[in-house]
Amino acid sequence: MFMSDKVRKGMAEGSWIRRMFDEGNTLKKKYGADKVFDLTLGNPIVEPPPEFVRELKKLAENPLPGMHRYMENAGYLDTRTAVAVQLSKENGLNLSAGDVVMTCGAAGAMNVVLKTILNPGEEVIIFAPYFVEYLNYIDNHGGVPKIVPTDEQFQPKLDALEKAIGKKTRAIIINSPNNPTGVVYSEQTMRQIGEILRKKESQYGREIYLISDEPYRKLIYDGLKYPSPLLFHNRAIVATSHSKDLALPGERIGYIAIHPECPQKQELTDGFIYCNRTLGFVNAPALMQRIVRYLQDVTVSIGDYQRKRDFLYENLVGMGYSVVKPQGAFYMFPESPIKDDVAFVRALQEELVLAVPGVGFGGAGHFRISYCTDDRTLSGALDGLRKTAKKYGHK
């Protein structure tokens with residue numbers, strides 16, 4: 001057989017995000033791209049900030065000798081130092097370059113971390129709704145995903161978390177601000193998660209890591225502060241990228257940062273560096289490392305995303321949709337007016353509006369829409385959203 005059974009099965013099941021994107025392309029060819037309103041992908045339409053263009057132009061016009069060669073697998077020392085300085089400033093912890101490994105985006109970072117810490121059959125807890133690729137990342141390295149629910153506000157159910165942790169638990173993945181809900185986990189929630197982990201570590205006599213996937217960390221609204229997991233568990237590991245805060249998803253640049261007081265820090269960091277190489281990443285892109293060194297305190301316009309959030313949220317609520325107001329990222333996860341979220345999304349397609357069913361995120365009965373698109377698409381989608389809401393008994 002020319003393809004493994006495992007890959008064939010994975011392709012057949014597929015990602016609902018990509019499936020709806022592909023179906024959307026079919027609709028665009030039939031009706032014209034300007035007639036279809038695509039809210040499926042978290043692919044920022046905004047351009048990178050001017051500081052990025054400045055640094056890119058500087059390097060292009062004044063190239064450094066050897067700037068495209070290999071470097072240490074962990075990444076350039078000056079870039080890792082810049083990351084450590086920014087994280088220390090944000091969290092009040094004393095991180096150094098040795099606590100940071102540059103990676104090929106957050107996906108690369110997650111796979112490196114999981115490859116480093118997992119033995120076959122060990123469990124990784126994730127909260128539903130979740131970013132669907134977590135299931136693949138865990139499976140890539142022989143782990144077993146264990147799903148824990150969240151409450152009506154999409155905050156983790158801590159009693160369920162405590163019950164789910166067992167003698168095979170190796171890690172918990174959190175994603176805040178969250179994809180697909182836009183929810184930011186509160187400081188109280190983060191503190192309680194840390195307390196539960198320490199209690200369970202003592203109970204089972206084993207290390208349990210808190211892996212924080214946080215590419216949306218800087219995209220937070222309404223003046224809220226981000227409660228970093230690094231402050232609540234000394235076995236916390238950050239896996240992140242600049243795909244969203246600098247609008248660079250295609251450049252695949254991110255990093256891993258480990259708590260500076262993690263008892264196994266040096267051994268784990270050595271493992272990250274080793275896995276960065278052996279998984280085939282080798283090192284993070286050299287040119288992007290040179291640039292993001294100078295952009296650690298820069299982001300795209302948060303105010304613009306907040307404006308889009310407010311516009312979409314107010315209109316959806318006015319149509320009768322039940323929506324938890326996002327506090328960050330650029331997604332919304334409304335309740336479907338009918339129990340069958342796939343059928344509802346199909347109904348939206350009839351109105352040329354593209355969304356993703358919640359079942360694809362472990363959140364059946366909801367649907368995800370992304371507002372990192374242009375204003376014309378958001379405005380154009382309203383009529384279809386309104387007609388479909390009325391079809392199922394909303395205002």
# chains A, B, ... in the order shown; residues from 1 in each chain; ligands from 1

$ residues_around --residues "Gly393 of chain A" --least-positions-apart "5" --cutoff "10 Å" --atoms "only C-alpha atoms" --output "PDB file with C-alpha atoms, in the first residue's frame"
ATOM      1  CA  GLY A 320     -30.696  36.691  18.533  1.00  0.00           C
ATOM      2  CA  PRO A 337     -29.715  27.995  16.635  1.00  0.00           C
ATOM      3  CA  ILE A 338     -30.186  24.264  16.065  1.00  0.00           C
ATOM      4  CA  THR A 388     -30.276  31.932   8.628  1.00  0.00           C
TER       5      THR A 388
END

$ residues_around --residues "segment 264-279 of chain A" --least-positions-apart "4" --cutoff "10 Å" --atoms "only C-alpha atoms" --output "mmCIF file with N, CA and C atoms, in the first residue's frame"
data_model
loop_
_atom_site.group_PDB
_atom_site.id
_atom_site.type_symbol
_atom_site.label_atom_id
_atom_site.label_comp_id
_atom_site.auth_asym_id
_atom_site.auth_seq_id
_atom_site.Cartn_x
_atom_site.Cartn_y
_atom_site.Cartn_z
ATOM 1 N N GLU A 72 23.242 27.956 15.748
ATOM 2 C CA GLU A 72 22.907 26.989 16.797
ATOM 3 C C GLU A 72 21.458 26.552 16.614
ATOM 4 N N ASN A 73 21.180 25.267 16.862
ATOM 5 C CA ASN A 73 19.815 24.777 16.698
ATOM 6 C C ASN A 73 18.824 25.521 17.584
ATOM 7 N N ALA A 74 19.287 26.081 18.684
ATOM 8 C CA ALA A 74 18.406 26.838 19.579
ATOM 9 C C ALA A 74 18.050 28.202 19.017
ATOM 10 N N GLY A 75 18.836 28.680 18.041
ATOM 11 C CA GLY A 75 18.585 29.998 17.485
ATOM 12 C C GLY A 75 19.666 30.988 17.885
ATOM 13 N N GLY A 98 19.082 31.220 27.758
ATOM 14 C CA GLY A 98 19.127 29.774 27.938
ATOM 15 C C GLY A 98 17.773 29.149 28.206
ATOM 16 N N ASP A 99 16.776 29.995 28.484
ATOM 17 C CA ASP A 99 15.420 29.505 28.729
ATOM 18 C C ASP A 99 14.565 29.518 27.471
ATOM 19 N N VAL A 100 15.164 29.899 26.343
ATOM 20 C CA VAL A 100 14.413 30.119 25.105
ATOM 21 C C VAL A 100 15.023 29.305 23.963
ATOM 22 N N VAL A 101 14.155 28.686 23.159
ATOM 23 C CA VAL A 101 14.571 28.005 21.931
ATOM 24 C C VAL A 101 13.690 28.536 20.805
ATOM 25 N N MET A 102 14.288 29.073 19.752
ATOM 26 C CA MET A 102 13.541 29.575 18.612
ATOM 27 C C MET A 102 13.046 28.397 17.769
ATOM 28 N N THR A 103 11.807 28.517 17.252
ATOM 29 C CA THR A 103 11.168 27.391 16.557
ATOM 30 C C THR A 103 10.473 27.841 15.272
ATOM 31 N N CYS A 104 10.043 26.858 14.487
ATOM 32 C CA CYS A 104 9.252 27.110 13.277
ATOM 33 C C CYS A 104 7.792 27.282 13.688
ATOM 34 N N GLY A 108 5.520 24.132 15.399
ATOM 35 C CA GLY A 108 6.824 23.514 15.593
ATOM 36 C C GLY A 108 7.179 23.429 17.058
ATOM 37 N N ALA A 109 6.901 24.506 17.789
ATOM 38 C CA ALA A 109 7.201 24.531 19.225
ATOM 39 C C ALA A 109 6.433 23.451 19.972
ATOM 40 N N ASN A 111 5.189 20.611 18.838
ATOM 41 C CA ASN A 111 5.689 19.285 18.495
ATOM 42 C C ASN A 111 7.041 19.004 19.138
ATOM 43 N N VAL A 112 7.887 19.998 19.220
ATOM 44 C CA VAL A 112 9.183 19.834 19.873
ATOM 45 C C VAL A 112 8.992 19.521 21.352
ATOM 46 N N VAL A 113 8.117 20.262 22.013
ATOM 47 C CA VAL A 113 7.884 20.051 23.442
ATOM 48 C C VAL A 113 7.308 18.652 23.687
ATOM 49 N N LEU A 114 6.284 18.287 22.929
ATOM 50 C CA LEU A 114 5.640 16.986 23.139
ATOM 51 C C LEU A 114 6.593 15.836 22.825
ATOM 52 N N LYS A 115 7.397 15.982 21.785
ATOM 53 C CA LYS A 115 8.386 14.953 21.467
ATOM 54 C C LYS A 115 9.372 14.774 22.614
ATOM 55 N N THR A 116 9.719 15.885 23.261
ATOM 56 C CA THR A 116 10.710 15.856 24.334
ATOM 57 C C THR A 116 10.185 15.184 25.592
ATOM 58 N N ILE A 117 8.930 15.418 25.937
ATOM 59 C CA ILE A 117 8.449 14.995 27.262
ATOM 60 C C ILE A 117 7.642 13.698 27.263
ATOM 61 N N GLU A 207 6.274 14.365 37.344
ATOM 62 C CA GLU A 207 6.192 15.724 36.837
ATOM 63 C C GLU A 207 5.013 15.854 35.870
ATOM 64 N N ASN A 234 5.911 26.032 38.180
ATOM 65 C CA ASN A 234 7.309 26.107 37.770
ATOM 66 C C ASN A 234 7.684 25.068 36.712
ATOM 67 N N ARG A 235 6.729 24.263 36.295
ATOM 68 C CA ARG A 235 6.945 23.387 35.137
ATOM 69 C C ARG A 235 6.085 23.858 33.967
ATOM 70 N N ILE A 256 9.985 28.536 22.063
ATOM 71 C CA ILE A 256 9.651 27.863 23.321
ATOM 72 C C ILE A 256 10.338 28.644 24.426
ATOM 73 N N ALA A 257 9.631 28.851 25.533
ATOM 74 C CA ALA A 257 10.245 29.439 26.721
ATOM 75 C C ALA A 257 9.851 28.600 27.926
ATOM 76 N N ILE A 258 10.806 28.260 28.746
ATOM 77 C CA ILE A 258 10.560 27.426 29.918
ATOM 78 C C ILE A 258 10.745 28.243 31.188
ATOM 79 N N HIS A 259 9.987 27.902 32.213
ATOM 80 C CA HIS A 259 10.097 28.605 33.492
ATOM 81 C C HIS A 259 11.557 28.569 33.967
ATOM 82 N N PRO A 260 12.112 29.722 34.340
ATOM 83 C CA PRO A 260 13.535 29.752 34.720
ATOM 84 C C PRO A 260 13.861 28.937 35.965
ATOM 85 N N ASN A 283 16.464 24.472 12.488
ATOM 86 C CA ASN A 283 16.457 25.721 13.256
ATOM 87 C C ASN A 283 15.331 26.606 12.725
ATOM 88 N N ALA A 284 14.964 27.605 13.489
ATOM 89 C CA ALA A 284 13.957 28.565 13.038
ATOM 90 C C ALA A 284 14.538 29.404 11.900
#

$ atom_distance --atom1 "atom CA of Phe37 of chain A" --atom2 "atom CA of Leu246 of chain A"
24.4 Å

$ closest_residue --among "A:Thr189, A:Ser176, A:Ser96, A:Asn140" --to "Leu161 of chain A" --atoms "only C-alpha atoms"
A:Thr189

$ residues_around --residues "segment 300-309 of chain A" --least-positions-apart "3" --cutoff "6 Å" --atoms "only C-alpha atoms" --output "list in words"
Pro49, Asp245, Leu246, Leu312 and Tyr313 of chain A

$ select_by_dssp --residues "segment 86-261 of chain A" --states "strand (DSSP E or B)" --output "MDAnalysis selection string"
chainID A and resid 100:103 123:128 144:150 156 169:174 209:213 220 236:241 254:258

$ write_last_selection --atoms "C-alpha atoms" --output "PDB file, in the first residue's frame"
ATOM      1  CA  VAL A 100      14.413  30.119  25.105  1.00  0.00           C
ATOM      2  CA  VAL A 101      14.571  28.005  21.931  1.00  0.00           C
ATOM      3  CA  MET A 102      13.541  29.575  18.612  1.00  0.00           C
ATOM      4  CA  THR A 103      11.168  27.391  16.557  1.00  0.00           C
ATOM      5  CA  GLU A 123      -1.765  11.322  28.534  1.00  0.00           C
ATOM      6  CA  VAL A 124      -2.074  14.975  27.589  1.00  0.00           C
ATOM      7  CA  ILE A 125      -5.136  16.855  28.827  1.00  0.00           C
ATOM      8  CA  ILE A 126      -6.788  19.468  26.612  1.00  0.00           C
ATOM      9  CA  PHE A 127      -9.869  21.591  27.255  1.00  0.00           C
ATOM     10  CA  ALA A 128     -12.833  21.519  24.868  1.00  0.00           C
ATOM     11  CA  VAL A 144      -3.059   9.947  24.300  1.00  0.00           C
ATOM     12  CA  PRO A 145      -5.357  13.012  24.369  1.00  0.00           C
ATOM     13  CA  LYS A 146      -7.776  13.318  27.256  1.00  0.00           C
ATOM     14  CA  ILE A 147     -10.554  15.885  26.836  1.00  0.00           C
ATOM     15  CA  VAL A 148     -11.858  17.973  29.755  1.00  0.00           C
ATOM     16  CA  PRO A 149     -14.945  20.216  29.383  1.00  0.00           C
ATOM     17  CA  THR A 150     -15.280  23.934  30.030  1.00  0.00           C
ATOM     18  CA  PRO A 156     -11.993  25.189  32.350  1.00  0.00           C
ATOM     19  CA  THR A 169      -0.844  12.317  32.891  1.00  0.00           C
ATOM     20  CA  ARG A 170       2.286  14.015  31.584  1.00  0.00           C
ATOM     21  CA  ALA A 171       0.995  17.425  30.508  1.00  0.00           C
ATOM     22  CA  ILE A 172      -1.922  19.820  30.181  1.00  0.00           C
ATOM     23  CA  ILE A 173      -2.250  22.078  27.161  1.00  0.00           C
ATOM     24  CA  ILE A 174      -3.930  25.443  27.627  1.00  0.00           C
ATOM     25  CA  TYR A 209       3.903  20.042  32.626  1.00  0.00           C
ATOM     26  CA  LEU A 210       1.682  22.997  31.824  1.00  0.00           C
ATOM     27  CA  ILE A 211       2.115  23.753  28.111  1.00  0.00           C
ATOM     28  CA  SER A 212       0.747  27.128  27.113  1.00  0.00           C
ATOM     29  CA  ASP A 213       0.008  27.614  23.418  1.00  0.00           C
ATOM     30  CA  ILE A 220      -6.305  41.053  24.269  1.00  0.00           C
ATOM     31  CA  ALA A 236       5.186  25.757  32.744  1.00  0.00           C
ATOM     32  CA  ILE A 237       6.357  25.869  29.144  1.00  0.00           C
ATOM     33  CA  VAL A 238       5.337  28.537  26.631  1.00  0.00           C
ATOM     34  CA  ALA A 239       4.953  27.557  22.974  1.00  0.00           C
ATOM     35  CA  THR A 240       4.142  30.520  20.772  1.00  0.00           C
ATOM     36  CA  SER A 241       4.677  32.343  17.504  1.00  0.00           C
ATOM     37  CA  GLY A 254       8.097  31.309  17.086  1.00  0.00           C
ATOM     38  CA  TYR A 255       9.755  30.051  20.246  1.00  0.00           C
ATOM     39  CA  ILE A 256       9.651  27.863  23.321  1.00  0.00           C
ATOM     40  CA  ALA A 257      10.245  29.439  26.721  1.00  0.00           C
ATOM     41  CA  ILE A 258      10.560  27.426  29.918  1.00  0.00           C
TER      42      ILE A 258
END

$ atom_distance --atom1 "atom CA of Thr377 of chain A" --atom2 "atom CA of Val345 of chain A"
16.9 Å

$ select_by_dssp --residues "segment 9-243 of chain A" --states "helix (DSSP H, G or I)" --output "compact mmCIF listing (two decimals) with C-alpha atoms, in the first residue's frame"
# COMPACT_ATOMS: atom_id res chain seq x y z
CA LYS A 9 -7.61 7.72 8.10
CA GLY A 10 -6.43 11.16 9.17
CA MET A 11 -6.94 12.57 5.69
CA ALA A 12 -10.42 11.09 5.47
CA GLU A 13 -11.44 12.62 8.79
CA TRP A 16 -13.30 20.91 9.42
CA ILE A 17 -11.51 24.23 8.99
CA ARG A 18 -9.81 23.10 5.79
CA ARG A 19 -12.91 21.25 4.61
CA MET A 20 -15.05 24.36 4.84
CA PHE A 21 -12.30 26.44 3.25
CA ASP A 22 -12.17 24.06 0.29
CA GLU A 23 -15.96 24.06 -0.06
CA GLY A 24 -15.80 27.83 0.06
CA ASN A 25 -13.40 27.88 -2.88
CA THR A 26 -15.95 25.88 -4.87
CA LEU A 27 -18.62 28.43 -4.05
CA LYS A 28 -16.31 31.31 -5.00
CA LYS A 29 -15.67 29.76 -8.41
CA LYS A 30 -19.41 29.34 -8.95
CA TYR A 31 -20.67 32.71 -7.69
CA ALA A 33 -15.21 35.60 -4.79
CA ASP A 34 -16.85 38.96 -4.08
CA LYS A 35 -20.22 37.27 -3.50
CA PRO A 50 5.71 49.19 9.76
CA GLU A 51 8.51 48.25 12.15
CA PHE A 52 8.68 44.85 10.45
CA VAL A 53 8.98 46.44 7.01
CA ARG A 54 11.71 48.74 8.34
CA GLU A 55 13.80 45.86 9.69
CA LEU A 56 13.25 43.73 6.58
CA LYS A 57 14.32 46.57 4.32
CA LYS A 58 17.36 47.25 6.49
CA LEU A 59 18.56 43.65 6.17
CA ALA A 60 17.83 43.52 2.43
CA GLU A 61 19.83 46.69 1.77
CA LEU A 77 21.76 34.22 21.02
CA ASP A 78 20.79 37.86 20.57
CA THR A 79 17.27 36.92 19.44
CA ARG A 80 16.76 34.54 22.35
CA THR A 81 18.05 37.24 24.69
CA ALA A 82 15.53 39.74 23.28
CA VAL A 83 12.69 37.24 23.81
CA ALA A 84 13.83 36.55 27.37
CA VAL A 85 14.05 40.27 28.16
CA GLN A 86 10.51 40.88 26.90
CA LEU A 87 9.04 37.92 28.80
CA SER A 88 10.84 39.01 31.96
CA LYS A 89 9.39 42.49 31.55
CA GLU A 90 5.87 41.07 31.10
CA ASN A 91 6.00 38.55 33.93
CA ALA A 97 18.53 33.29 26.61
CA GLY A 98 19.13 29.77 27.94
CA ASP A 99 15.42 29.50 28.73
CA GLY A 105 6.12 28.73 14.64
CA ALA A 106 3.93 27.61 17.51
CA ALA A 107 3.13 24.32 15.76
CA GLY A 108 6.82 23.51 15.59
CA ALA A 109 7.20 24.53 19.22
CA MET A 110 4.32 22.30 20.35
CA ASN A 111 5.69 19.28 18.49
CA VAL A 112 9.18 19.83 19.87
CA VAL A 113 7.88 20.05 23.44
CA LEU A 114 5.64 16.99 23.14
CA LYS A 115 8.39 14.95 21.47
CA THR A 116 10.71 15.86 24.33
CA ILE A 117 8.45 14.99 27.26
CA GLU A 133 -4.46 20.06 15.54
CA TYR A 134 -3.66 19.33 19.20
CA LEU A 135 -5.02 15.83 18.63
CA ASN A 136 -2.54 15.33 15.79
CA TYR A 137 0.39 16.81 17.68
CA ILE A 138 -0.21 14.51 20.63
CA ASP A 139 -0.64 11.49 18.37
CA ASN A 140 2.56 12.37 16.50
CA LEU A 158 -11.48 22.62 37.46
CA ASP A 159 -13.26 19.81 39.27
CA ALA A 160 -13.30 17.86 36.01
CA LEU A 161 -9.61 18.65 35.51
CA GLU A 162 -8.72 17.32 38.93
CA LYS A 163 -10.60 14.08 38.26
CA ALA A 164 -9.02 13.68 34.83
CA GLU A 187 -5.90 34.78 36.87
CA GLN A 188 -7.95 32.83 39.40
CA THR A 189 -8.34 29.96 36.93
CA MET A 190 -4.62 29.93 36.19
CA ARG A 191 -3.73 29.96 39.88
CA GLN A 192 -6.10 27.07 40.61
CA ILE A 193 -4.72 25.04 37.71
CA GLY A 194 -1.23 25.48 39.17
CA GLU A 195 -2.43 24.37 42.59
CA ILE A 196 -4.12 21.29 41.13
CA LEU A 197 -1.00 20.32 39.21
CA ARG A 198 1.23 20.56 42.28
CA LYS A 199 -1.25 18.52 44.30
CA LYS A 200 -1.36 15.82 41.64
CA GLU A 201 2.40 15.80 41.17
CA SER A 202 2.73 15.07 44.87
CA GLN A 203 -0.01 12.44 44.74
CA TYR A 204 1.45 10.51 41.81
CA PRO A 229 1.03 30.45 33.31
CA LEU A 230 4.72 30.99 34.03
CA LEU A 231 3.57 32.73 37.21

$ closest_residue --among "A:Pro180, A:Pro65, A:Pro120, A:Gly142" --to "Val359 of chain A" --atoms "only C-alpha atoms"
A:Pro180

$ atom_distance --atom1 "atom CA of Ser186 of chain A" --atom2 "atom CA of Leu93 of chain A"
19.4 Å

$ residues_around --residues "Phe330 of chain A" --least-positions-apart "6" --cutoff "10 Å" --atoms "only C-alpha atoms" --output "JSON, numbers by chain"
{"A": [42, 43, 44, 177, 178, 179, 180, 181, 182, 216, 219, 220, 244, 305, 306, 308, 309, 369, 370, 371, 372, 373]}

$ write_last_selection --atoms "N, CA and C atoms" --output "short mmCIF file (atom, residue, chain, number, x, y, z; two decimals), in the first residue's frame"
data_model
loop_
_atom_site.label_atom_id
_atom_site.label_comp_id
_atom_site.auth_asym_id
_atom_site.auth_seq_id
_atom_site.Cartn_x
_atom_site.Cartn_y
_atom_site.Cartn_z
N GLY A 42 -8.22 31.52 10.32
CA GLY A 42 -7.54 32.50 11.16
C GLY A 42 -6.28 32.99 10.46
N ASN A 43 -6.47 33.55 9.27
CA ASN A 43 -5.36 33.98 8.43
C ASN A 43 -5.42 35.51 8.34
N PRO A 44 -4.66 36.22 9.17
CA PRO A 44 -4.83 37.68 9.29
C PRO A 44 -4.72 38.39 7.95
N PRO A 177 -5.32 33.67 24.99
CA PRO A 177 -6.67 33.67 24.46
C PRO A 177 -6.92 32.45 23.58
N ASN A 178 -8.16 32.00 23.61
CA ASN A 178 -8.48 30.69 23.08
C ASN A 178 -8.96 30.72 21.63
N ASN A 179 -8.53 29.74 20.89
CA ASN A 179 -9.09 29.40 19.59
C ASN A 179 -9.86 28.10 19.77
N PRO A 180 -11.20 28.12 19.68
CA PRO A 180 -12.03 28.99 18.86
C PRO A 180 -12.86 30.04 19.59
N THR A 181 -12.77 30.18 20.91
CA THR A 181 -13.77 30.98 21.64
C THR A 181 -13.39 32.43 21.87
N GLY A 182 -12.09 32.74 21.82
CA GLY A 182 -11.65 34.09 22.14
C GLY A 182 -11.59 34.38 23.63
N TYR A 216 -1.84 34.14 20.58
CA TYR A 216 -2.74 35.29 20.67
C TYR A 216 -2.50 36.10 21.94
N LEU A 219 -2.98 39.77 21.77
CA LEU A 219 -4.24 40.24 21.18
C LEU A 219 -5.34 40.12 22.22
N ILE A 220 -5.35 41.06 23.16
CA ILE A 220 -6.31 41.05 24.27
C ILE A 220 -6.98 42.41 24.33
N LYS A 244 0.35 35.81 14.68
CA LYS A 244 -0.83 36.64 14.88
C LYS A 244 -0.47 38.05 15.36
N TYR A 305 -8.69 45.21 15.74
CA TYR A 305 -9.34 43.93 15.99
C TYR A 305 -10.49 44.09 16.99
N GLN A 306 -10.30 44.92 18.00
CA GLN A 306 -11.38 45.12 18.98
C GLN A 306 -12.60 45.75 18.31
N LYS A 308 -13.50 45.34 15.18
CA LYS A 308 -14.14 44.28 14.41
C LYS A 308 -14.94 43.36 15.34
N ARG A 309 -14.34 43.04 16.49
CA ARG A 309 -15.05 42.19 17.46
C ARG A 309 -16.37 42.83 17.87
N ILE A 369 -16.56 31.58 13.82
CA ILE A 369 -16.34 32.56 12.77
C ILE A 369 -15.10 33.37 13.13
N SER A 370 -14.33 33.69 12.12
CA SER A 370 -13.09 34.45 12.30
C SER A 370 -13.31 35.86 11.80
N TYR A 371 -12.87 36.86 12.58
CA TYR A 371 -13.04 38.24 12.15
C TYR A 371 -11.70 38.93 11.86
N CYS A 372 -10.69 38.12 11.49
CA CYS A 372 -9.41 38.71 11.09
C CYS A 372 -9.41 38.97 9.58
N THR A 373 -10.58 39.34 9.07
CA THR A 373 -10.76 39.59 7.65
C THR A 373 -11.10 41.05 7.44
#

$ residues_around --residues "Leu385 of chain A" --least-positions-apart "4" --cutoff "8 Å" --atoms "only C-alpha atoms" --output "list in words"
Leu316, Leu348, Glu351, Val353, Ala381 and Ala389 of chain A

$ closest_residue --among "A:Phe2, A:Tyr70, A:Glu261, A:Asp222" --to "Phe281 of chain A" --atoms "only C-alpha atoms"
A:Tyr70

$ closest_residue --among "A:Ala364, A:Val324, A:Met319, A:Gly380" --to "Asp341 of chain A" --atoms "only C-alpha atoms"
A:Ala364
